[in-house]
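*Asks:* My structure is in model-v1.cif, and what it holds is mmCIF, C-alpha atoms and all ligand atoms:
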data_query
#
loop_
_atom_site.label_atom_id
_atom_site.label_comp_id
_atom_site.auth_asym_id
_atom_site.auth_seq_id
_atom_site.Cartn_x
_atom_site.Cartn_y
_atom_site.Cartn_z
CA MET N 1 14.00 32.99 -21.38
CA LYS N 2 10.62 34.39 -20.35
CA LYS N 3 8.27 32.27 -18.24
CA HIS N 4 4.86 32.85 -16.75
CA ILE N 5 4.47 31.16 -13.37
CA ALA N 6 1.11 30.71 -11.63
CA VAL N 7 1.45 31.00 -7.85
CA LEU N 8 -1.06 29.26 -5.60
CA ALA N 9 0.22 30.45 -2.24
CA GLY N 10 -2.73 28.89 -0.42
CA ASP N 11 -3.20 28.94 3.33
CA GLY N 12 -1.30 29.11 6.61
CA ILE N 13 2.43 29.48 5.97
CA GLY N 14 1.82 29.16 2.19
CA PRO N 15 2.23 32.89 1.38
CA GLU N 16 5.46 33.23 3.44
CA ILE N 17 7.18 30.28 1.82
CA THR N 18 6.10 31.06 -1.74
CA ASP N 19 7.41 34.61 -1.18
CA GLY N 20 10.76 33.01 -0.38
CA ALA N 21 10.75 30.98 -3.60
CA ILE N 22 9.72 34.03 -5.66
CA ALA N 23 12.60 36.09 -4.21
CA VAL N 24 15.01 33.30 -5.14
CA LEU N 25 13.58 32.94 -8.68
CA ASN N 26 13.86 36.71 -9.19
CA LYS N 27 17.52 36.56 -8.20
CA VAL N 28 18.12 33.65 -10.58
CA GLY N 29 16.38 35.62 -13.34
CA GLU N 30 18.60 38.62 -12.70
CA LYS N 31 21.78 36.59 -12.61
CA PHE N 32 21.11 34.33 -15.61
CA GLY N 33 19.11 36.78 -17.74
CA HIS N 34 15.63 35.27 -17.52
CA GLU N 35 12.33 36.93 -16.91
CA PHE N 36 9.95 35.19 -14.53
CA GLU N 37 6.50 36.68 -14.28
CA PHE N 38 4.27 35.67 -11.35
CA GLU N 39 0.50 35.54 -11.26
CA HIS N 40 -1.12 34.99 -7.85
CA LEU N 41 -4.26 32.87 -7.83
CA LEU N 42 -6.66 31.55 -5.21
CA MET N 43 -6.90 27.96 -3.98
CA GLY N 44 -7.79 26.44 -0.61
CA VAL N 45 -9.32 28.17 2.40
CA CYS N 46 -8.50 31.61 0.96
CA ALA N 47 -10.46 30.71 -2.20
CA ILE N 48 -13.39 29.36 -0.18
CA GLU N 49 -13.54 32.61 1.77
CA ALA N 50 -13.39 34.74 -1.38
CA THR N 51 -15.54 32.69 -3.77
CA GLY N 52 -17.20 29.82 -1.89
CA GLU N 53 -15.16 27.22 -3.80
CA PRO N 54 -11.72 25.74 -3.03
CA LEU N 55 -10.61 25.95 -6.67
CA PRO N 56 -12.38 28.57 -8.79
CA GLN N 57 -12.56 27.91 -12.54
CA TYR N 58 -10.54 31.10 -13.10
CA THR N 59 -7.60 29.59 -11.19
CA ILE N 60 -7.74 26.42 -13.33
CA ASP N 61 -7.89 28.45 -16.57
CA ARG N 62 -4.96 30.64 -15.59
CA CYS N 63 -2.88 27.63 -14.48
CA LEU N 64 -3.57 26.01 -17.86
CA ALA N 65 -2.34 29.21 -19.52
CA SER N 66 0.87 29.28 -17.44
CA ASP N 67 4.25 27.66 -18.06
CA SER N 68 4.29 26.11 -14.60
CA VAL N 69 2.67 26.32 -11.19
CA LEU N 70 4.24 27.03 -7.81
CA LEU N 71 2.18 25.95 -4.83
CA GLY N 72 2.56 26.77 -1.14
CA ALA N 73 0.16 24.70 0.96
CA VAL N 74 -3.58 24.33 1.45
CA GLY N 75 -5.66 23.52 4.50
CA GLY N 76 -7.24 25.32 7.42
CA ALA N 77 -6.60 25.09 11.13
CA VAL N 78 -7.62 21.88 12.89
CA GLY N 79 -10.91 22.52 14.64
CA ASP N 80 -11.93 25.33 12.28
CA LYS N 81 -15.66 24.55 12.31
CA ARG N 82 -16.47 26.63 9.22
CA ILE N 83 -14.16 24.44 7.15
CA GLU N 84 -14.73 21.10 8.86
CA LYS N 85 -18.48 21.15 8.32
CA LEU N 86 -18.13 21.63 4.54
CA PRO N 87 -19.11 18.69 2.28
CA GLY N 88 -16.13 16.74 0.86
CA HIS N 89 -16.11 18.38 -2.57
CA LEU N 90 -15.95 21.89 -1.08
CA ARG N 91 -13.14 21.27 1.39
CA PRO N 92 -9.78 22.96 0.73
CA GLU N 93 -8.09 19.62 -0.02
CA ALA N 94 -10.61 18.98 -2.82
CA GLY N 95 -9.12 22.02 -4.57
CA LEU N 96 -5.71 20.38 -4.57
CA LEU N 97 -7.07 17.12 -6.00
CA LYS N 98 -8.96 19.04 -8.66
CA ILE N 99 -5.98 21.06 -9.84
CA ARG N 100 -3.81 17.90 -10.06
CA SER N 101 -6.49 16.25 -12.15
CA ALA N 102 -7.31 19.33 -14.30
CA LEU N 103 -3.63 19.66 -15.24
CA GLY N 104 -3.31 15.89 -15.85
CA LEU N 105 -0.45 15.58 -13.35
CA TYR N 106 -0.29 11.83 -12.94
CA SER N 107 3.32 11.63 -11.80
CA ASN N 108 4.32 12.90 -8.37
CA LEU N 109 7.98 12.74 -7.41
CA ARG N 110 8.85 13.07 -3.73
CA PRO N 111 12.57 12.80 -3.08
CA ALA N 112 13.58 12.04 0.51
CA LYS N 113 17.22 12.66 1.17
CA LEU N 114 19.29 12.96 4.29
CA PHE N 115 21.17 16.29 4.04
CA PRO N 116 24.66 15.67 5.48
CA ALA N 117 24.56 18.97 7.41
CA LEU N 118 21.31 17.85 9.07
CA ALA N 119 22.22 14.25 9.90
CA GLY N 120 21.73 15.08 13.58
CA ALA N 121 18.02 15.71 12.96
CA CYS N 122 17.42 12.16 11.69
CA PRO N 123 15.22 10.32 14.21
CA LEU N 124 16.64 6.91 13.31
CA ARG N 125 19.44 5.13 15.18
CA LYS N 126 22.87 6.42 14.17
CA ASP N 127 24.08 3.14 12.63
CA ILE N 128 20.97 3.10 10.40
CA ALA N 129 21.25 6.76 9.40
CA GLU N 130 24.94 6.37 8.61
CA ARG N 131 24.11 4.06 5.71
CA GLY N 132 22.38 7.06 4.11
CA ILE N 133 18.88 7.85 2.86
CA ASP N 134 18.44 8.89 -0.75
CA LEU N 135 15.19 7.70 -2.25
CA VAL N 136 12.40 9.05 -4.43
CA VAL N 137 8.78 8.10 -4.00
CA VAL N 138 7.12 8.02 -7.44
CA ARG N 139 3.45 8.35 -6.60
CA GLU N 140 0.58 7.92 -9.06
CA LEU N 141 -1.41 11.10 -8.48
CA ILE N 142 -4.71 11.22 -10.34
CA GLY N 143 -6.12 7.71 -10.05
CA GLY N 144 -6.95 5.03 -7.53
CA ILE N 145 -9.10 5.45 -4.45
CA TYR N 146 -8.70 9.25 -4.41
CA PHE N 147 -10.71 9.49 -7.61
CA GLY N 148 -12.70 6.22 -7.64
CA ASP N 149 -16.41 5.82 -7.13
CA ARG N 150 -17.50 6.72 -3.60
CA GLY N 151 -20.71 7.12 -1.75
CA ARG N 152 -22.97 6.34 1.15
CA GLY N 153 -26.04 4.21 1.58
CA VAL N 154 -28.08 2.43 4.19
CA GLY N 155 -27.90 -1.34 4.69
CA GLU N 156 -28.38 -4.01 7.34
CA GLY N 157 -25.69 -2.50 9.55
CA GLY N 158 -27.17 0.95 9.25
CA GLU N 159 -25.50 3.69 7.24
CA PHE N 160 -22.42 2.70 5.24
CA ALA N 161 -19.81 4.48 3.13
CA TYR N 162 -17.38 3.26 0.49
CA ASP N 163 -14.45 4.39 -1.68
CA THR N 164 -13.10 2.41 -4.62
CA GLU N 165 -9.52 1.59 -5.60
CA LYS N 166 -9.44 1.10 -9.37
CA TYR N 167 -6.48 1.18 -11.76
CA SER N 168 -6.32 0.59 -15.51
CA VAL N 169 -3.35 -0.94 -17.32
CA MET N 170 -2.70 2.42 -19.00
CA GLU N 171 -2.56 4.26 -15.67
CA VAL N 172 -0.11 1.78 -14.15
CA GLU N 173 2.03 1.60 -17.28
CA ARG N 174 2.63 5.33 -17.57
CA ILE N 175 3.60 5.82 -13.91
CA ALA N 176 5.76 2.66 -14.00
CA ARG N 177 7.67 4.09 -16.99
CA ILE N 178 8.35 7.28 -15.03
CA ALA N 179 9.79 5.19 -12.19
CA PHE N 180 11.99 3.04 -14.45
CA ASP N 181 13.24 6.05 -16.45
CA LEU N 182 14.15 7.75 -13.20
CA ALA N 183 15.88 4.62 -11.89
CA MET N 184 18.02 4.57 -15.05
CA ARG N 185 19.33 8.02 -14.07
CA ARG N 186 19.91 6.89 -10.46
CA ARG N 187 20.96 3.61 -8.85
CA LYS N 188 18.86 1.39 -11.18
CA HIS N 189 16.56 -0.12 -8.57
CA VAL N 190 12.77 0.11 -8.44
CA THR N 191 10.76 -1.14 -5.46
CA SER N 192 7.11 -1.46 -6.48
CA ILE N 193 4.67 -1.24 -3.59
CA ASP N 194 1.40 -3.14 -3.46
CA LYS N 195 -0.92 -5.25 -1.33
CA ALA N 196 -1.13 -8.08 -3.86
CA ASN N 197 -1.75 -10.67 -1.13
CA VAL N 198 -5.21 -9.11 -0.65
CA LEU N 199 -6.21 -6.61 -3.33
CA GLU N 200 -7.13 -7.40 -6.95
CA SER N 201 -6.10 -3.88 -8.01
CA SER N 202 -2.65 -4.64 -6.57
CA ARG N 203 -2.41 -7.92 -8.49
CA LEU N 204 -3.01 -6.02 -11.74
CA TRP N 205 -0.52 -3.36 -10.60
CA ARG N 206 2.15 -6.02 -10.06
CA GLU N 207 1.49 -7.69 -13.44
CA VAL N 208 1.72 -4.42 -15.35
CA VAL N 209 4.86 -3.27 -13.52
CA HIS N 210 6.57 -6.58 -14.38
CA ASN N 211 5.63 -6.13 -18.04
CA VAL N 212 7.06 -2.62 -18.13
CA ALA N 213 10.21 -3.88 -16.37
CA LYS N 214 10.99 -6.03 -19.43
CA GLU N 215 11.74 -2.78 -21.30
CA TYR N 216 14.41 -1.95 -18.69
CA PRO N 217 16.68 -4.99 -18.37
CA GLU N 218 19.30 -2.98 -16.47
CA VAL N 219 16.90 -2.02 -13.68
CA GLU N 220 16.41 -4.36 -10.75
CA LEU N 221 12.76 -4.67 -9.69
CA THR N 222 11.62 -5.67 -6.19
CA ASP N 223 7.97 -6.12 -5.21
CA MET N 224 7.21 -5.14 -1.64
CA LEU N 225 3.97 -5.28 0.31
CA VAL N 226 2.96 -1.91 1.66
CA ASP N 227 2.90 -2.99 5.32
CA ASN N 228 6.39 -4.44 5.03
CA THR N 229 7.54 -1.23 3.31
CA ALA N 230 6.36 0.82 6.28
CA MET N 231 8.61 -1.34 8.44
CA GLN N 232 11.59 -1.44 6.05
CA LEU N 233 11.63 2.36 5.82
CA VAL N 234 12.59 2.62 9.47
CA LYS N 235 14.61 -0.59 9.63
CA ASN N 236 16.79 -0.19 6.55
CA PRO N 237 15.97 2.86 4.40
CA SER N 238 19.26 2.72 2.49
CA GLN N 239 17.88 -0.25 0.49
CA PHE N 240 15.51 2.07 -1.41
CA ASP N 241 16.26 3.97 -4.60
CA VAL N 242 13.01 4.53 -6.55
CA VAL N 243 9.81 3.59 -4.70
CA LEU N 244 6.86 3.18 -7.08
CA THR N 245 3.41 3.53 -5.51
CA SER N 246 -0.30 4.00 -6.08
CA ASN N 247 -1.89 7.26 -5.01
CA ILE N 248 -2.90 6.25 -1.47
CA PHE N 249 0.16 4.12 -0.65
CA GLY N 250 2.41 6.95 -1.86
CA ASP N 251 0.55 9.47 0.27
CA ILE N 252 1.16 7.41 3.40
CA LEU N 253 4.70 6.23 2.71
CA SER N 254 5.98 9.62 1.54
CA ASP N 255 5.17 11.16 4.93
CA GLU N 256 7.16 8.39 6.58
CA ALA N 257 10.02 8.74 4.09
CA ALA N 258 10.15 12.48 4.73
CA MET N 259 10.08 12.11 8.50
CA ILE N 260 12.99 9.70 8.66
CA THR N 261 15.20 12.34 7.01
CA GLY N 262 14.34 14.64 9.92
CA SER N 263 13.74 17.51 7.55
CA ILE N 264 10.14 17.72 6.41
CA GLY N 265 10.72 21.48 6.05
CA MET N 266 13.42 20.76 3.46
CA LEU N 267 11.75 18.42 1.00
CA ALA N 268 10.48 19.50 -2.41
CA SER N 269 8.19 17.73 -4.85
CA SER N 270 7.12 17.88 -8.47
CA SER N 271 3.95 16.77 -10.22
CA LEU N 272 4.01 16.33 -13.98
CA GLY N 273 1.89 14.90 -16.76
CA ALA N 274 2.19 14.67 -20.50
CA THR N 275 3.52 18.23 -20.94
CA LYS N 276 6.32 20.30 -19.43
CA ARG N 277 3.83 22.23 -17.31
CA GLY N 278 4.22 20.97 -13.78
CA LEU N 279 3.14 21.80 -10.28
CA TYR N 280 5.86 22.24 -7.69
CA GLU N 281 5.28 22.28 -3.97
CA PRO N 282 6.93 21.55 -0.64
CA ILE N 283 5.77 18.25 0.78
CA HIS N 284 4.82 19.74 4.14
CA GLY N 285 1.42 21.25 4.89
CA SER N 286 0.05 24.68 5.72
CA ALA N 287 1.02 24.62 9.44
CA PRO N 288 -1.58 27.22 10.47
CA ASP N 289 -0.28 27.16 14.05
CA ILE N 290 2.95 28.91 13.03
CA ALA N 291 1.60 31.07 10.18
CA GLY N 292 2.47 34.76 10.19
CA LYS N 293 5.28 34.38 12.74
CA ASP N 294 8.07 34.30 10.16
CA ILE N 295 9.46 31.07 11.59
CA ALA N 296 8.46 28.67 8.80
CA ASN N 297 11.31 27.13 6.81
CA PRO N 298 11.16 28.33 3.18
CA ILE N 299 13.77 25.83 1.92
CA ALA N 300 11.37 23.10 0.71
CA THR N 301 9.55 25.64 -1.45
CA ILE N 302 12.81 27.16 -2.66
CA LEU N 303 14.05 23.69 -3.64
CA SER N 304 10.70 23.09 -5.38
CA ALA N 305 11.43 26.18 -7.48
CA ALA N 306 14.79 24.60 -8.37
CA MET N 307 12.96 21.45 -9.51
CA MET N 308 10.72 23.63 -11.68
CA LEU N 309 13.74 25.19 -13.36
CA ARG N 310 15.26 21.80 -14.08
CA ASP N 311 12.21 19.72 -15.00
CA SER N 312 9.81 22.23 -16.61
CA PHE N 313 12.17 24.84 -18.06
CA ASP N 314 15.29 22.73 -18.81
CA LEU N 315 17.52 25.08 -16.80
CA PRO N 316 19.81 22.68 -14.89
CA GLU N 317 22.56 25.25 -14.22
CA GLU N 318 20.10 27.63 -12.62
CA ALA N 319 18.62 24.80 -10.54
CA LYS N 320 22.10 23.86 -9.36
CA ALA N 321 22.80 27.47 -8.38
CA ILE N 322 19.81 27.39 -6.01
CA GLU N 323 20.74 24.01 -4.54
CA ALA N 324 24.34 25.11 -4.02
CA ALA N 325 23.18 28.28 -2.27
CA VAL N 326 20.96 26.24 0.07
CA ASN N 327 23.84 23.88 0.87
CA ALA N 328 26.18 26.81 1.48
CA VAL N 329 23.80 28.43 3.96
CA LEU N 330 23.37 25.14 5.82
CA ASP N 331 27.13 24.53 5.87
CA GLU N 332 27.59 27.99 7.36
CA GLY N 333 25.35 26.85 10.22
CA TYR N 334 22.18 28.84 9.58
CA ARG N 335 18.99 27.06 10.65
CA THR N 336 15.31 27.84 10.90
CA ALA N 337 13.58 26.69 14.10
CA ASP N 338 12.42 23.32 12.70
CA ILE N 339 15.98 22.16 11.91
CA MET N 340 17.75 23.98 14.74
CA SER N 341 20.36 22.11 16.77
CA GLU N 342 22.99 23.00 19.32
CA GLY N 343 25.74 25.36 18.21
CA MET N 344 23.89 26.48 15.07
CA LYS N 345 22.66 29.98 14.23
CA GLN N 346 18.88 30.29 14.35
CA VAL N 347 17.26 32.62 11.83
CA LYS N 348 13.74 33.67 10.83
CA GLY N 349 12.16 32.38 7.61
CA SER N 350 12.66 35.66 5.73
CA GLU N 351 16.27 35.82 6.91
CA MET N 352 16.86 32.31 5.56
CA THR N 353 15.50 33.42 2.19
CA ARG N 354 17.77 36.49 2.17
CA LEU N 355 20.83 34.37 3.00
CA ILE N 356 20.05 32.02 0.10
CA VAL N 357 19.37 34.90 -2.32
CA ASP N 358 22.70 36.49 -1.36
CA ARG N 359 24.59 33.31 -2.20
CA ILE N 360 23.17 32.87 -5.69
C1 LIG L 1 -0.41 15.30 0.03
C2 LIG L 1 -1.59 15.68 0.88
C3 LIG L 1 -2.83 15.63 0.01
C4 LIG L 1 -2.99 14.20 -0.48
C5 LIG L 1 -4.11 16.11 0.70
C6 LIG L 1 -3.94 17.48 1.32
C7 LIG L 1 -5.29 16.07 -0.23
O1 LIG L 1 -1.68 14.87 1.99
O2 LIG L 1 -0.13 16.00 -0.96
O3 LIG L 1 0.27 14.32 0.36
O4 LIG L 1 -3.53 13.36 0.23
O5 LIG L 1 -2.56 13.94 -1.61
MN MN L 2 -0.01 13.47 2.21
#
In structure tokens, what does this structure look like?

*Replies:*
Amino acid sequence: MKKHIAVLAGDGIGPEITDGAIAVLNKVGEKFGHEFEFEHLLMGVCAIEATGEPLPQYTIDRCLASDSVLLGAVGGAVGDKRIEKLPGHLRPEAGLLKIRSALGLYSNLRPAKLFPALAGACPLRKDIAERGIDLVVVRELIGGIYFGDRGRGVGEGGEFAYDTEKYSVMEVERIARIAFDLAMRRRKHVTSIDKANVLESSRLWREVVHNVAKEYPEVELTDMLVDNTAMQLVKNPSQFDVVLTSNIFGDILSDEAAMITGSIGMLASSSLGATKRGLYEPIHGSAPDIAGKDIANPIATILSAAMMLRDSFDLPEEAKAIEAAVNAVLDEGYRTADIMSEGMKQVKGSEMTRLIVDRI
């Protein structure tokens, strides 16, 4: 199989970690007889510096011409005045929103799983962690308040600003179907998150999700208010299987879900739309404070590449080979700084990549 992969390495540790995933994909190609071709494109601070825009049209066009997209991370250093003074639509993050929307990637899957070898890194009480954490946040990605009408004006209280949360039945239906289909392949439980006690958009969300649920009689559906969900995630995370959310609620809750596994450097994500072309990225950010030191953990990006093989290219055996190699390296006690614990062997980011490549 021959595939053309667009690489948006982005900023901070982005280039180091995408290099790790590329090395792993090349090894998989060699071993299983595939040809992966990589095209590096600009997005984020690097694109702003080179072209004045966070997402040049050329990058969008080339991503649309690719079979799938691998992304590192975008975002500049906190306190970088050149970036912070930019208007909203020219900030690096706007590039990320624009590429999601341009590729029609409405469905964002963020699995949060407690790796047995890393149980010690879980910040929750031992009796809670022991019940296990294995959930997937299914986040709507190109609607809601991120893309709704926004603006500023001047009123009685002086200057004001507003953003709008708006969802159509179609938008809720299609993301709900993703969640229920996924639940059918897992533990058959969907928790749908809303704030229906206050928001009209949430009341519509709840109605539509219940209608879609009728098509999936085997799946149990629970409605949960977003504030309660924030609490339940630390109190009893083992109750969650598939967590269905709007764009903003998923943004917030997926950080929490990742943190409770103690391994934000380990978690991959996929974003897909109506076609097989997806965007795959680690869920962590660009971490400019540790960039260039070769200490960043490449595993989340490497596992994102595995998701790409499975979900975009229908190569489950190859995906499994990567996941098994990652597990083997962890079982052997190798750790990057972020997941280091007593008695383990600390390695650099590039060393971690090499160890994984060797085991494929
Ligand atoms: C994420 C990030 C982005 C988001 C930012 C960088 C625009 O936080 O992918 O979760 O809010 O979606
Ligand atoms: Mn986020």

*Asks:* Which residue out of N:Lys2, N:Ala50, N:Leu233, N:Leu225 has the minimum interatomic distance to Asn26 (chain N) when all atoms listed in the file are used?

*Replies:*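 So, comparing all the options, the nearest one is N:Lys2.
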
*Asks:* Hey, which residues come within 7 Å of ligand LIG 1 (chain L) if we count all atoms listed in the file? Could you give them as a PyMOL selection string?

*Replies:* chain N and resi 74+93-94+96-97+251+283

*Asks:* Find, counting only C-alpha atoms, the residue in N:Thr59, N:Met231, N:Val243, N:Phe249 that gets nearest to Gly144 (chain N).

*Replies:*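 For Gly144 (chain N), the nearest of the candidates is N:Phe249.
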
*Asks:* Report as a PyMOL selection string all protein, DNA and RNA residues lying within 7 Å of region 267-270 of chain N, evaluated on only C-alpha atoms, omitting residues in the same chain fewer than 3 positions from it.

*Replies:* chain N and resi 108-112+263-264+278-283+300-301+303-304+307

*Asks:* Counting only C-alpha atoms, which residue out of N:Ala161, N:Ile193, N:Leu42, N:Leu221 sits closest to Phe180 (chain N)?

*Replies:*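 Looking at the shortest contact to Phe180 (chain N), the residue is N:Leu221.
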
*Asks:* Compare N:Lys31, N:Arg277, N:Lys81, N:Arg152 by their minimum atom-to-atom distance to Ser107 (chain N), counting all atoms listed in the file, and give me the closest one.

*Replies:*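 Once distances to Ser107 (chain N) are computed over all atoms listed in the file, the minimum belongs to N:Arg277.
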
*Asks:* Per residue of chain N within 9 Å of ligand MN 2 (chain L), which atom pair is closest and at what distance in Å (one decimal), using all atoms listed in the file, listed by chain and increasing number, as a Markdown table?

*Replies:*
| residue | atom | partner | partner_atom | distance |
| --- | --- | --- | --- | --- |
| N:Ile248 | CA | L:MN2 | MN | 8.6 |
| N:Gly250 | CA | L:MN2 | MN | 8.1 |
| N:Asp251 | CA | L:MN2 | MN | 4.5 |
| N:Ile252 | CA | L:MN2 | MN | 6.3 |
| N:Leu253 | CA | L:MN2 | MN | 8.7 |
| N:Ser254 | CA | L:MN2 | MN | 7.2 |
| N:Asp255 | CA | L:MN2 | MN | 6.3 |
| N:Ile283 | CA | L:MN2 | MN | 7.6 |
| N:His284 | CA | L:MN2 | MN | 8.1 |
| N:Gly285 | CA | L:MN2 | MN | 8.4 |

*Asks:* Quick one: pull the distance between CA of Gly20 (chain N) and CA of Lys3 (chain N), Å, one decimal.

*Replies:*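 Value for the CA of Gly20 (chain N)-CA of Lys3 (chain N) distance: 18.0 Å.
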